[in-house]
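*Asks:* Structure file model24.cif (mmCIF, C-alpha atoms and all ligand atoms) right here:
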```cif
data_work
#
loop_
_atom_site.label_atom_id
_atom_site.label_comp_id
_atom_site.auth_asym_id
_atom_site.auth_seq_id
_atom_site.Cartn_x
_atom_site.Cartn_y
_atom_site.Cartn_z
CA MET A 1 -31.83 -26.32 0.11
CA ARG A 2 -31.74 -28.32 -3.06
CA LEU A 3 -29.04 -31.00 -2.94
CA THR A 4 -27.46 -32.85 -5.85
CA ALA A 5 -27.45 -36.64 -5.76
CA GLY A 6 -23.80 -36.58 -4.67
CA GLU A 7 -24.51 -34.13 -1.84
CA GLN A 8 -27.49 -36.19 -0.69
CA ALA A 9 -25.31 -39.30 -0.66
CA MET A 10 -22.75 -37.53 1.57
CA LEU A 11 -25.59 -36.48 3.87
CA ASP A 12 -26.78 -40.07 3.98
CA GLY A 13 -23.36 -41.22 5.12
CA ALA A 14 -21.75 -42.48 1.91
CA GLY A 15 -18.49 -40.66 2.71
CA GLY A 16 -18.33 -41.73 6.34
CA GLN A 17 -19.36 -40.13 9.59
CA ALA A 18 -17.21 -37.01 9.49
CA VAL A 19 -18.31 -36.12 5.95
CA GLN A 20 -21.92 -36.75 6.97
CA LYS A 21 -21.57 -34.36 9.90
CA ALA A 22 -19.87 -31.80 7.65
CA MET A 23 -22.71 -31.98 5.12
CA ASP A 24 -25.31 -31.71 7.87
CA LEU A 25 -23.54 -28.61 9.21
CA LEU A 26 -23.40 -26.98 5.76
CA LEU A 27 -27.06 -27.71 5.23
CA ARG A 28 -28.08 -26.11 8.52
CA TYR A 29 -25.76 -23.16 7.87
CA GLY A 30 -26.99 -22.65 4.30
CA GLU A 31 -30.62 -22.83 5.34
CA ALA A 32 -30.08 -20.26 8.07
CA LEU A 33 -28.54 -17.96 5.45
CA GLY A 34 -31.33 -18.49 2.95
CA ALA A 35 -29.04 -20.16 0.39
CA GLU A 36 -30.87 -22.27 -2.19
CA ARG A 37 -27.99 -24.62 -2.90
CA LEU A 38 -24.34 -25.41 -2.34
CA VAL A 39 -21.52 -24.65 -4.74
CA ASP A 40 -18.40 -26.70 -5.42
CA THR A 41 -15.20 -25.33 -3.98
CA ASN A 42 -11.67 -26.57 -4.36
CA ASN A 43 -10.01 -23.77 -2.42
CA VAL A 44 -10.44 -23.60 1.34
CA CYS A 45 -8.34 -21.47 3.70
CA ALA A 46 -9.04 -22.12 7.33
CA THR A 47 -7.80 -22.39 10.86
CA VAL A 48 -8.39 -25.91 12.16
CA GLY A 49 -5.29 -26.58 14.26
CA ALA A 50 -4.58 -26.11 17.97
CA THR A 51 -4.44 -22.37 17.49
CA THR A 52 -5.64 -20.85 20.76
CA PRO A 53 -4.69 -21.60 24.37
CA PHE A 54 -8.22 -22.93 24.96
CA ILE A 55 -8.03 -25.34 22.02
CA ARG A 56 -4.49 -26.38 22.95
CA ASP A 57 -5.76 -27.27 26.44
CA TYR A 58 -8.69 -29.14 24.93
CA ALA A 59 -6.36 -31.11 22.64
CA ALA A 60 -4.04 -31.94 25.53
CA GLN A 61 -6.79 -33.13 27.86
CA HIS A 62 -9.26 -34.86 25.54
CA PRO A 63 -8.57 -38.56 24.91
CA GLY A 64 -9.73 -38.03 21.31
CA GLY A 65 -6.85 -35.56 20.70
CA MET A 66 -7.00 -33.64 17.42
CA ASP A 67 -9.89 -35.73 16.06
CA ALA A 68 -11.85 -34.39 19.04
CA VAL A 69 -10.70 -30.83 18.29
CA PHE A 70 -11.83 -31.07 14.65
CA SER A 71 -15.13 -32.74 15.63
CA GLU A 72 -15.96 -30.18 18.29
CA PHE A 73 -14.65 -26.95 16.77
CA SER A 74 -15.03 -27.55 13.03
CA LEU A 75 -17.97 -29.96 12.81
CA ASP A 76 -20.00 -28.79 15.80
CA SER A 77 -20.03 -32.38 17.08
CA SER A 78 -19.41 -33.39 20.69
CA GLN A 79 -19.23 -36.97 19.41
CA VAL A 80 -15.64 -37.62 18.33
CA VAL A 81 -15.40 -38.86 14.76
CA LYS A 82 -12.32 -39.93 12.84
CA ILE A 83 -11.36 -37.11 10.47
CA PRO A 84 -10.48 -38.31 6.96
CA LYS A 85 -8.14 -36.63 4.50
CA VAL A 86 -9.57 -33.43 3.05
CA LYS A 87 -11.43 -33.48 -0.24
CA ALA A 88 -10.83 -29.85 -1.27
CA TYR A 89 -7.45 -28.18 -1.80
CA SER A 90 -7.00 -26.56 1.59
CA SER A 91 -4.48 -24.23 3.23
CA HIS A 92 -3.98 -23.49 6.89
CA LEU A 93 -4.17 -19.88 8.00
CA GLN A 94 -2.14 -18.35 10.84
CA GLN A 95 -1.43 -20.38 13.96
CA GLY A 96 -1.18 -19.26 17.59
CA ILE A 97 2.59 -19.29 18.09
CA ASP A 98 5.88 -19.32 16.23
CA PRO A 99 7.42 -22.59 17.44
CA ASN A 100 10.88 -21.38 16.45
CA HIS A 101 10.60 -18.28 18.65
CA ALA A 102 8.77 -19.86 21.56
CA GLU A 103 11.19 -18.50 24.14
CA GLN A 104 10.82 -14.89 22.94
CA GLN A 105 7.04 -15.31 22.80
CA GLY A 106 6.91 -16.70 26.33
CA VAL A 107 5.55 -20.07 25.20
CA THR A 108 6.42 -23.20 27.19
CA ALA A 109 8.05 -26.30 25.67
CA GLU A 110 4.90 -28.24 26.54
CA LEU A 111 2.75 -25.89 24.47
CA VAL A 112 5.17 -26.13 21.57
CA GLN A 113 4.77 -29.91 21.68
CA ILE A 114 0.98 -29.65 21.55
CA TYR A 115 1.28 -27.15 18.71
CA ARG A 116 3.55 -29.48 16.75
CA LYS A 117 1.19 -32.42 17.28
CA GLY A 118 -1.71 -30.30 16.02
CA GLU A 119 0.30 -29.21 13.01
CA ALA A 120 1.28 -32.80 12.19
CA PHE A 121 -2.36 -33.84 12.38
CA VAL A 122 -3.51 -31.05 10.07
CA GLY A 123 -0.66 -31.68 7.63
CA GLY A 124 -1.57 -35.37 7.64
CA LEU A 125 -5.09 -34.50 6.50
CA GLY A 126 -3.57 -32.98 3.38
CA VAL A 127 -3.97 -29.36 4.45
CA GLN A 128 -1.10 -27.19 3.16
CA LEU A 129 0.71 -25.71 6.15
CA LEU A 130 1.09 -22.19 4.79
CA ASN A 131 0.39 -20.91 8.32
CA THR A 132 -0.29 -17.35 7.29
CA CYS A 133 -3.08 -14.81 7.00
CA THR A 134 -1.74 -14.06 3.49
CA PRO A 135 -2.04 -17.36 1.60
CA TYR A 136 -2.09 -15.37 -1.65
CA GLN A 137 1.56 -14.40 -1.01
CA VAL A 138 2.77 -17.97 -0.85
CA GLY A 139 1.08 -19.97 -3.54
CA ASN A 140 -2.66 -19.97 -2.94
CA VAL A 141 -3.78 -17.43 -5.54
CA PRO A 142 -7.40 -17.96 -6.65
CA VAL A 143 -8.27 -16.96 -10.20
CA LYS A 144 -11.11 -14.64 -11.15
CA GLY A 145 -14.47 -16.32 -10.58
CA GLU A 146 -13.07 -19.20 -8.49
CA HIS A 147 -15.42 -20.21 -5.68
CA CYS A 148 -13.50 -20.34 -2.40
CA ALA A 149 -14.25 -20.87 1.27
CA TRP A 150 -11.83 -18.64 3.16
CA MET A 151 -11.65 -17.43 6.72
CA GLU A 152 -9.60 -14.39 7.91
CA SER A 153 -11.05 -11.00 7.05
CA SER A 154 -7.89 -9.51 5.50
CA ALA A 155 -7.50 -12.54 3.22
CA VAL A 156 -11.19 -12.62 2.28
CA ILE A 157 -11.22 -8.99 1.15
CA TYR A 158 -8.01 -9.52 -0.86
CA CYS A 159 -9.43 -12.66 -2.50
CA ASN A 160 -12.70 -10.98 -3.51
CA SER A 161 -11.43 -7.57 -4.48
CA VAL A 162 -7.90 -7.93 -5.84
CA LEU A 163 -8.03 -11.45 -7.25
CA GLY A 164 -11.69 -11.68 -8.23
CA GLY A 165 -12.07 -14.96 -6.35
CA ARG A 166 -15.43 -15.47 -4.65
CA THR A 167 -15.75 -16.07 -0.95
CA ASN A 168 -17.69 -15.02 2.09
CA ALA A 169 -15.91 -14.66 5.42
CA GLU A 170 -16.32 -18.23 6.59
CA GLY A 171 -16.01 -19.49 10.14
CA ARG A 172 -13.98 -22.35 11.54
CA GLU A 173 -17.02 -24.64 11.25
CA SER A 174 -18.15 -23.90 7.70
CA ALA A 175 -14.57 -23.85 6.36
CA GLY A 176 -13.73 -27.11 8.15
CA ALA A 177 -16.86 -28.71 6.67
CA ALA A 178 -15.92 -27.35 3.23
CA MET A 179 -12.52 -29.03 3.50
CA LEU A 180 -14.15 -32.43 3.92
CA THR A 181 -16.92 -32.05 1.34
CA GLY A 182 -15.68 -29.59 -1.30
CA LYS A 183 -18.95 -27.67 -0.85
CA ILE A 184 -20.01 -24.29 0.58
CA PRO A 185 -23.39 -22.49 0.61
CA TYR A 186 -23.97 -20.46 -2.54
CA TRP A 187 -24.87 -17.01 -1.25
CA GLY A 188 -23.37 -13.57 -0.56
CA TYR A 189 -20.18 -12.83 -2.49
CA HIS A 190 -20.52 -15.98 -4.60
CA LEU A 191 -23.37 -14.21 -6.41
CA ASP A 192 -22.84 -11.48 -9.02
CA GLN A 193 -25.39 -9.06 -7.58
CA HIS A 194 -23.76 -8.87 -4.15
CA ARG A 195 -20.38 -8.03 -5.64
CA LEU A 196 -21.52 -4.73 -7.13
CA GLY A 197 -20.48 -1.42 -5.59
CA THR A 198 -22.78 0.43 -3.23
CA HIS A 199 -20.83 3.57 -2.23
CA LEU A 200 -18.64 5.84 -4.34
CA ILE A 201 -15.52 7.26 -2.64
CA GLU A 202 -13.92 10.17 -4.47
CA LEU A 203 -10.24 10.54 -3.61
CA GLU A 204 -9.14 14.16 -3.31
CA VAL A 205 -5.64 13.42 -2.04
CA ASP A 206 -2.85 11.25 -3.35
CA VAL A 207 -2.50 7.94 -1.49
CA LYS A 208 1.12 6.84 -1.48
CA ASP A 209 2.75 4.45 0.98
CA THR A 210 1.32 1.48 2.88
CA ALA A 211 0.50 3.61 5.93
CA ASP A 212 -1.44 5.96 3.69
CA TRP A 213 -3.41 3.06 2.20
CA GLY A 214 -4.06 1.87 5.76
CA LEU A 215 -5.47 5.30 6.67
CA LEU A 216 -7.70 5.27 3.60
CA GLY A 217 -8.94 1.76 4.35
CA TYR A 218 -9.62 2.64 7.96
CA TYR A 219 -11.69 5.66 6.97
CA VAL A 220 -13.59 3.85 4.22
CA GLY A 221 -14.40 0.88 6.47
CA GLU A 222 -15.80 3.15 9.17
CA MET A 223 -17.96 4.96 6.65
CA VAL A 224 -19.41 2.06 4.66
CA GLN A 225 -19.33 -0.69 7.32
CA GLU A 226 -20.36 -3.89 5.47
CA ARG A 227 -21.14 -2.42 2.06
CA VAL A 228 -19.05 -2.44 -1.12
CA PRO A 229 -17.05 0.78 -1.66
CA VAL A 230 -15.88 1.87 -5.10
CA LEU A 231 -12.86 4.18 -5.10
CA ASN A 232 -12.32 6.70 -7.84
CA GLY A 233 -9.37 9.03 -8.45
CA ILE A 234 -6.38 6.79 -7.76
CA ARG A 235 -3.25 8.54 -9.02
CA HIS A 236 -0.73 5.76 -8.40
CA VAL A 237 -1.54 2.09 -8.88
CA PRO A 238 -1.02 0.40 -5.48
CA ASN A 239 1.21 -2.67 -5.16
CA LEU A 240 0.38 -5.88 -3.29
CA ALA A 241 1.48 -4.52 0.11
CA ARG A 242 -0.66 -1.39 -0.22
CA LEU A 243 -3.74 -3.35 -1.23
CA LYS A 244 -3.09 -5.77 1.60
CA HIS A 245 -2.95 -2.93 4.16
CA PHE A 246 -5.95 -1.14 2.65
CA GLY A 247 -8.15 -4.25 2.79
CA ALA A 248 -7.02 -5.26 6.28
CA ALA A 249 -7.85 -1.76 7.55
CA ALA A 250 -11.27 -1.59 5.85
CA SER A 251 -12.25 -5.00 7.19
CA SER A 252 -11.21 -3.96 10.73
CA SER A 253 -12.91 -0.59 11.11
CA GLY A 254 -15.95 -1.83 9.18
CA GLY A 255 -16.79 -5.28 7.94
CA VAL A 256 -15.83 -4.68 4.30
CA GLU A 257 -15.33 -7.95 2.38
CA MET A 258 -15.22 -6.53 -1.13
CA TYR A 259 -14.20 -3.24 -2.75
CA HIS A 260 -13.45 -1.93 -6.21
CA LEU A 261 -10.71 0.44 -7.35
CA ILE A 262 -11.79 1.84 -10.70
CA GLY A 263 -9.23 0.95 -13.34
CA VAL A 264 -7.28 -1.33 -10.99
CA THR A 265 -9.27 -4.26 -9.57
CA PRO A 266 -10.62 -6.97 -11.88
CA GLU A 267 -14.35 -6.25 -11.66
CA ALA A 268 -14.00 -2.48 -11.98
CA GLY A 269 -12.75 -1.71 -15.47
CA SER A 270 -15.08 1.27 -15.34
CA ARG A 271 -17.46 2.93 -12.89
CA GLU A 272 -20.34 1.42 -14.87
CA GLU A 273 -18.95 -2.09 -14.38
CA ALA A 274 -18.22 -1.59 -10.67
CA PHE A 275 -21.79 -0.47 -9.94
CA GLY A 276 -23.43 -2.73 -12.53
CA GLY A 277 -25.21 0.29 -13.96
CA ARG A 278 -26.83 1.16 -10.60
CA ARG A 279 -26.53 4.52 -8.88
CA PRO A 280 -24.37 4.66 -5.72
CA LEU A 281 -26.33 4.76 -2.46
CA ALA A 282 -24.05 7.60 -1.38
CA THR A 283 -20.97 9.49 -2.59
CA LEU A 284 -18.26 10.31 -0.05
CA LYS A 285 -15.02 12.22 -0.39
CA TYR A 286 -11.64 11.39 1.05
CA GLY A 287 -9.54 14.52 1.45
CA ALA A 288 -7.00 15.92 3.91
CA ALA A 289 -9.57 16.26 6.73
CA GLU A 290 -10.76 12.65 6.41
CA ARG A 291 -7.16 11.42 6.30
CA ALA A 292 -6.32 13.39 9.44
CA LEU A 293 -9.37 12.00 11.22
CA ALA A 294 -8.35 8.41 10.46
CA TYR A 295 -4.82 9.15 11.70
CA GLU A 296 -6.18 10.64 14.92
CA ARG A 297 -8.40 7.65 15.57
CA LEU A 298 -5.59 5.17 14.98
CA ASN A 299 -3.33 7.01 17.42
CA SER A 300 -6.03 7.61 20.03
CA THR A 301 -4.61 5.12 22.56
CA ALA A 302 -1.02 6.46 22.45
CA ARG A 303 0.11 8.79 25.22
CA GLU A 304 3.75 8.00 26.05
CA ARG A 305 6.50 8.66 23.52
CA ARG A 306 8.67 5.85 24.87
CA VAL A 307 8.27 2.74 22.69
CA ASP A 308 8.78 -0.75 24.14
CA TYR A 309 7.83 -2.79 21.11
CA VAL A 310 7.74 -2.29 17.35
CA MET A 311 5.55 -4.84 15.57
CA LEU A 312 5.62 -5.10 11.78
CA GLY A 313 3.94 -7.64 9.52
CA CYS A 314 0.19 -7.25 9.79
CA PRO A 315 -0.95 -8.69 7.46
CA HIS A 316 2.16 -10.85 7.19
CA TYR A 317 4.96 -8.99 5.44
CA SER A 318 5.86 -9.61 1.80
CA ILE A 319 9.47 -10.14 0.76
CA GLU A 320 9.37 -6.64 -0.73
CA GLN A 321 8.46 -5.18 2.67
CA ILE A 322 11.23 -7.15 4.38
CA TRP A 323 13.68 -5.85 1.79
CA GLU A 324 12.50 -2.28 2.47
CA VAL A 325 12.91 -2.73 6.21
CA CYS A 326 16.41 -4.10 5.74
CA GLN A 327 17.40 -1.00 3.78
CA LEU A 328 16.32 1.10 6.76
CA LEU A 329 17.87 -1.21 9.34
CA GLU A 330 21.17 -2.39 7.88
CA GLY A 331 24.11 -1.44 10.10
CA GLN A 332 21.85 0.01 12.80
CA ARG A 333 21.19 -1.23 16.31
CA ILE A 334 17.81 -1.42 17.99
CA HIS A 335 17.48 0.50 21.27
CA ALA A 336 18.31 -1.58 24.33
CA ASP A 337 14.83 -1.11 25.83
CA THR A 338 12.87 -1.75 22.63
CA SER A 339 11.98 -4.98 20.81
CA LEU A 340 11.41 -5.37 17.08
CA TRP A 341 9.37 -8.36 15.86
CA ILE A 342 8.49 -8.73 12.20
CA PHE A 343 5.98 -11.38 11.07
CA THR A 344 5.97 -13.11 7.69
CA PRO A 345 4.88 -16.46 6.20
CA SER A 346 7.49 -19.17 6.80
CA ALA A 347 7.91 -19.65 3.01
CA ILE A 348 8.90 -15.99 2.72
CA LYS A 349 11.21 -16.26 5.71
CA GLN A 350 13.13 -18.94 3.82
CA ILE A 351 13.78 -16.43 1.06
CA ALA A 352 14.72 -13.80 3.65
CA ASP A 353 17.16 -16.28 5.19
CA ARG A 354 18.80 -16.95 1.83
CA ASN A 355 18.93 -13.26 0.95
CA GLY A 356 20.64 -12.38 4.22
CA TYR A 357 17.67 -10.25 5.38
CA THR A 358 17.07 -12.34 8.49
CA ARG A 359 20.71 -11.78 9.43
CA ILE A 360 20.37 -8.00 8.97
CA ILE A 361 17.32 -8.00 11.25
CA THR A 362 18.89 -10.21 13.93
CA ASP A 363 22.21 -8.32 13.80
CA ALA A 364 20.23 -5.19 14.58
CA GLY A 365 18.62 -6.97 17.55
CA GLY A 366 15.23 -7.79 16.00
CA TYR A 367 13.44 -11.04 15.12
CA LEU A 368 11.81 -12.28 11.95
CA MET A 369 8.95 -14.52 13.11
CA THR A 370 6.42 -16.71 11.32
CA ASP A 371 3.08 -18.47 11.69
CA THR A 372 1.36 -16.00 14.01
CA CYS A 373 1.23 -12.34 15.06
CA SER A 374 0.87 -10.33 18.25
CA ALA A 375 -2.88 -9.76 18.05
CA PHE A 376 -3.87 -13.26 16.93
CA GLY A 377 -1.41 -15.19 19.08
CA ARG A 378 -1.53 -12.69 21.97
CA VAL A 379 2.24 -12.74 22.01
CA ILE A 380 4.14 -9.55 22.82
CA PRO A 381 7.48 -8.92 24.53
CA LYS A 382 7.16 -9.13 28.29
CA GLY A 383 6.44 -5.80 29.95
CA THR A 384 5.26 -4.01 26.81
CA LYS A 385 3.21 -0.93 27.57
CA VAL A 386 3.71 1.07 24.38
CA ALA A 387 3.84 -0.42 20.89
CA ALA A 388 4.41 1.08 17.44
CA VAL A 389 2.96 -0.40 14.25
CA ASP A 390 2.69 0.42 10.54
CA SER A 391 -0.60 -1.47 10.22
CA ALA A 392 -3.99 0.12 10.79
CA LYS A 393 -5.43 -3.31 11.54
CA GLN A 394 -2.90 -4.00 14.27
CA ALA A 395 -3.31 -0.45 15.68
CA HIS A 396 -7.05 -1.17 15.85
CA TYR A 397 -6.77 -4.55 17.61
CA LEU A 398 -3.57 -4.58 19.68
CA PRO A 399 -4.66 -2.02 22.33
CA ALA A 400 -8.03 -3.76 22.73
CA ILE A 401 -6.60 -7.28 22.90
CA MET A 402 -3.37 -6.70 24.84
CA GLY A 403 -4.19 -3.51 26.76
CA VAL A 404 -1.21 -1.59 25.37
CA GLN A 405 -0.91 1.87 23.85
CA ALA A 406 -0.20 1.88 20.11
CA TRP A 407 1.36 4.42 17.79
CA PHE A 408 0.51 4.11 14.11
CA GLY A 409 2.75 5.48 11.36
CA THR A 410 4.92 4.66 8.38
CA THR A 411 7.35 1.76 8.25
CA ALA A 412 10.25 4.24 8.36
CA GLU A 413 8.81 5.88 11.49
CA CYS A 414 8.45 2.47 13.13
CA ILE A 415 12.06 1.53 12.37
CA GLN A 416 13.15 4.93 13.70
CA ALA A 417 11.21 4.20 16.89
CA ALA A 418 12.92 0.80 17.17
CA ILE A 419 16.33 2.44 16.90
CA THR A 420 15.74 5.43 19.18
CA GLY A 421 13.22 3.85 21.56
CA ARG A 422 10.94 6.85 21.06
CA TRP A 423 8.04 7.73 18.80
CA SER A 424 8.65 10.80 16.65
CA GLY A 425 6.17 10.12 13.84
CA ARG A 426 3.64 12.62 12.62
CA LEU A 427 1.21 12.97 9.75
CA GLU A 428 3.02 14.54 6.78
FE1 LIG B 1 -2.46 -11.44 10.06
FE2 LIG B 1 -2.36 -11.07 12.62
FE3 LIG B 1 -2.79 -9.08 11.09
S1 LIG B 1 -3.14 -12.85 11.63
S2 LIG B 1 -3.87 -9.88 9.38
S3 LIG B 1 -0.93 -10.33 11.11
S4 LIG B 1 -3.86 -9.46 12.98
#
```
Let's see the structure in the file written out as structure tokens.
*Replies:*
Amino acid sequence: MRLTAGEQAMLDGAGGQAVQKAMDLLLRYGEALGAERLVDTNNVCATVGATTPFIRDYAAQHPGGMDAVFSEFSLDSSQVVKIPKVKAYSSHLQQGIDPNHAEQQGVTAELVQIYRKGEAFVGGLGVQLLNTCTPYQVGNVPVKGEHCAWMESSAVIYCNSVLGGRTNAEGRESAGAAMLTGKIPYWGYHLDQHRLGTHLIELEVDVKDTADWGLLGYYVGEMVQERVPVLNGIRHVPNLARLKHFGAAASSSGGVEMYHLIGVTPEAGSREEAFGGRRPLATLKYGAAERALAYERLNSTARERRVDYVMLGCPHYSIEQIWEVCQLLEGQRIHADTSLWIFTPSAIKQIADRNGYTRIITDAGGYLMTDTCSAFGRVIPKGTKVAAVDSAKQAHYLPAIMGVQAWFGTTAECIQAAITGRWSGRLE
């Protein structure tokens, strides 16, 4: 790769050992990818804290503490180096637990302490502790054309497609190195030609609520895998929550990192613009049969109607979604044998607290949690066998990760399940 004089100086050690290791890592990574150069980035979203049980153990046992964690897991270095403050504007993604609901999540006080130490370390580096998979909901909103280095598939697809930011799905190592250097390999979705549509999806049915957008995303992801779908025929412009659920679903069933909605997303003012004048590799339709197939797949693990656990907030809920839930929940009581956990960024929870939404949820017997989620943190109510979710992504991962059955449906159906303790949803 061609390096600028400044990049070469970092590689030669001008910024200290950690920066040198970060630059070396980016160089090896970029060369493996076939990138010709690096690009400046001042927007990194990554997970670098003590987020998993394995890393928490490592942090607790290693004499180097969190410097050792960053060296090993973000710089690929078994030699412990002192980690300096970050160079690029950086935000932390989701963590492994909600320290304020440790008891409900079955997390010991000792683990909470390790978590808090990790968080203090990361905050001390100058990383914003947004602690969410939806940084774009709480202040990190890239502008069109901004080069970013983001992890977390649901955030990456939102950044590329809805905001017009430019990022590949980075890993803990490359994103950690980008934090320290303000550089990332210039390849993939940073380049115009890779952002163009490949497959045309003609919508033959109306796509309405978030569950519906989840079904559509799930189907599209399965069909196009890692290509760039272009959707035509949208009758109602989707809001943030619907786009969030669509992208999360498409990146789960396939590996979609970028899509276009003609007339809606910023690089798809027209079909011509979305495809860059090229012909689609294939044209697919999404009608009633395709929608039913996606619904069937998402409910394929569910057998028992009894519901132990209702999980909402994947990706982390917006304040609008919390408001909607509260309208369904106010004055109701959750079934004695069922738990309701809703996940949101902690900044949004503060608004929910002030608005009285948290009180409505807790009065009903539920919890509004932050920082993590059931699939990422592997935290579910004890004894859960059957879960209900309104997120295609969570329906995809939760059974595989936690070995539970999962029903997928609308938010209203999930709240109904929380109140009655039974699943009565069906595809309308
Ligand atoms: Fe976020 Fe967890 Fe879903 S981290 S996208 S809520 S799987």
*Asks:* Between A:Ala412, A:Leu200, A:Ala392, A:Val141, which has the minimum distance to ligand LIG 1 (chain B) (counting all atoms listed in the file)?
*Replies:* A:Ala392
*Asks:* Would you name the residues within 8 Å of ligand LIG 1 (chain B), counting only C-alpha atoms and all ligand atoms, and put them as a PDB file with C-alpha atoms, in the frame of the given file?
*Replies:*
```
ATOM      1  CA  LEU A  93      -4.170 -19.880   8.000  1.00  0.00           C
ATOM      2  CA  GLN A  94      -2.140 -18.350  10.840  1.00  0.00           C
ATOM      3  CA  THR A 132      -0.290 -17.350   7.290  1.00  0.00           C
ATOM      4  CA  CYS A 133      -3.080 -14.810   7.000  1.00  0.00           C
ATOM      5  CA  THR A 134      -1.740 -14.060   3.490  1.00  0.00           C
ATOM      6  CA  GLU A 152      -9.600 -14.390   7.910  1.00  0.00           C
ATOM      7  CA  SER A 153     -11.050 -11.000   7.050  1.00  0.00           C
ATOM      8  CA  SER A 154      -7.890  -9.510   5.500  1.00  0.00           C
ATOM      9  CA  ALA A 155      -7.500 -12.540   3.220  1.00  0.00           C
ATOM     10  CA  ALA A 248      -7.020  -5.260   6.280  1.00  0.00           C
ATOM     11  CA  GLY A 313       3.940  -7.640   9.520  1.00  0.00           C
ATOM     12  CA  CYS A 314       0.190  -7.250   9.790  1.00  0.00           C
ATOM     13  CA  PRO A 315      -0.950  -8.690   7.460  1.00  0.00           C
ATOM     14  CA  HIS A 316       2.160 -10.850   7.190  1.00  0.00           C
ATOM     15  CA  PHE A 343       5.980 -11.380  11.070  1.00  0.00           C
ATOM     16  CA  THR A 372       1.360 -16.000  14.010  1.00  0.00           C
ATOM     17  CA  CYS A 373       1.230 -12.340  15.060  1.00  0.00           C
ATOM     18  CA  SER A 374       0.870 -10.330  18.250  1.00  0.00           C
ATOM     19  CA  ALA A 375      -2.880  -9.760  18.050  1.00  0.00           C
ATOM     20  CA  PHE A 376      -3.870 -13.260  16.930  1.00  0.00           C
ATOM     21  CA  GLY A 377      -1.410 -15.190  19.080  1.00  0.00           C
ATOM     22  CA  SER A 391      -0.600  -1.470  10.220  1.00  0.00           C
ATOM     23  CA  LYS A 393      -5.430  -3.310  11.540  1.00  0.00           C
ATOM     24  CA  GLN A 394      -2.900  -4.000  14.270  1.00  0.00           C
ATOM     25  CA  TYR A 397      -6.770  -4.550  17.610  1.00  0.00           C
TER      26      TYR A 397
END
```
*Asks:* Which one is closest to Pro185 of chain A: A:Lys208, A:Arg166, A:His62, A:His101? Count all atoms listed in the file.
*Replies:*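 That would be A:Arg166, the residue with the smallest distance to Pro185 of chain A.
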*Asks:* Rank A:Pro135, A:Gly16, A:Gly118, A:Pro266 by their smallest atom-to-atom distance to Ser91 of chain A, using all atoms listed in the file, and report the top residue only.
*Replies:*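 Checking each candidate against Ser91 of chain A, we get A:Pro135 as the closest.
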*Asks:* Grab the atom CA of Arg2 of chain A to atom CA of Leu25 of chain A distance for me, in Å with one decimal place.
*Replies:*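 Distance between the two atoms: 14.8 Å.
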*Asks:* Some atoms are absent from segment 376-387 of chain A, so rebuild N, CA and C atoms and return them as a PDB file, in the frame of the given file.
*Replies:*
```pdb
ATOM      1  N   PHE A 376      -3.223 -11.942  17.032  1.00  0.00           N
ATOM      2  CA  PHE A 376      -3.870 -13.260  16.930  1.00  0.00           C
ATOM      3  C   PHE A 376      -3.327 -14.219  17.997  1.00  0.00           C
ATOM      4  N   GLY A 377      -2.010 -14.257  18.131  1.00  0.00           N
ATOM      5  CA  GLY A 377      -1.410 -15.190  19.080  1.00  0.00           C
ATOM      6  C   GLY A 377      -1.343 -14.641  20.507  1.00  0.00           C
ATOM      7  N   ARG A 378      -1.653 -13.368  20.658  1.00  0.00           N
ATOM      8  CA  ARG A 378      -1.530 -12.690  21.970  1.00  0.00           C
ATOM      9  C   ARG A 378      -0.114 -12.839  22.503  1.00  0.00           C
ATOM     10  N   VAL A 379       0.839 -12.620  21.622  1.00  0.00           N
ATOM     11  CA  VAL A 379       2.240 -12.740  22.010  1.00  0.00           C
ATOM     12  C   VAL A 379       2.937 -11.396  21.797  1.00  0.00           C
ATOM     13  N   ILE A 380       3.382 -10.800  22.897  1.00  0.00           N
ATOM     14  CA  ILE A 380       4.140  -9.550  22.820  1.00  0.00           C
ATOM     15  C   ILE A 380       5.316  -9.663  23.782  1.00  0.00           C
ATOM     16  N   PRO A 381       6.364  -8.863  23.579  1.00  0.00           N
ATOM     17  CA  PRO A 381       7.480  -8.920  24.530  1.00  0.00           C
ATOM     18  C   PRO A 381       7.001  -8.580  25.941  1.00  0.00           C
ATOM     19  N   LYS A 382       7.567  -9.296  26.888  1.00  0.00           N
ATOM     20  CA  LYS A 382       7.160  -9.130  28.290  1.00  0.00           C
ATOM     21  C   LYS A 382       7.330  -7.660  28.721  1.00  0.00           C
ATOM     22  N   GLY A 383       6.345  -7.151  29.405  1.00  0.00           N
ATOM     23  CA  GLY A 383       6.440  -5.800  29.950  1.00  0.00           C
ATOM     24  C   GLY A 383       6.064  -4.695  28.988  1.00  0.00           C
ATOM     25  N   THR A 384       5.616  -5.060  27.785  1.00  0.00           N
ATOM     26  CA  THR A 384       5.260  -4.010  26.810  1.00  0.00           C
ATOM     27  C   THR A 384       4.091  -3.168  27.301  1.00  0.00           C
ATOM     28  N   LYS A 385       4.324  -1.850  27.263  1.00  0.00           N
ATOM     29  CA  LYS A 385       3.210  -0.930  27.570  1.00  0.00           C
ATOM     30  C   LYS A 385       2.874  -0.088  26.339  1.00  0.00           C
ATOM     31  N   VAL A 386       3.930   0.217  25.549  1.00  0.00           N
ATOM     32  CA  VAL A 386       3.710   1.070  24.380  1.00  0.00           C
ATOM     33  C   VAL A 386       4.272   0.375  23.138  1.00  0.00           C
ATOM     34  N   ALA A 387       3.423   0.218  22.134  1.00  0.00           N
ATOM     35  CA  ALA A 387       3.840  -0.420  20.890  1.00  0.00           C
ATOM     36  C   ALA A 387       3.784   0.589  19.743  1.00  0.00           C
TER      37      ALA A 387
END
```
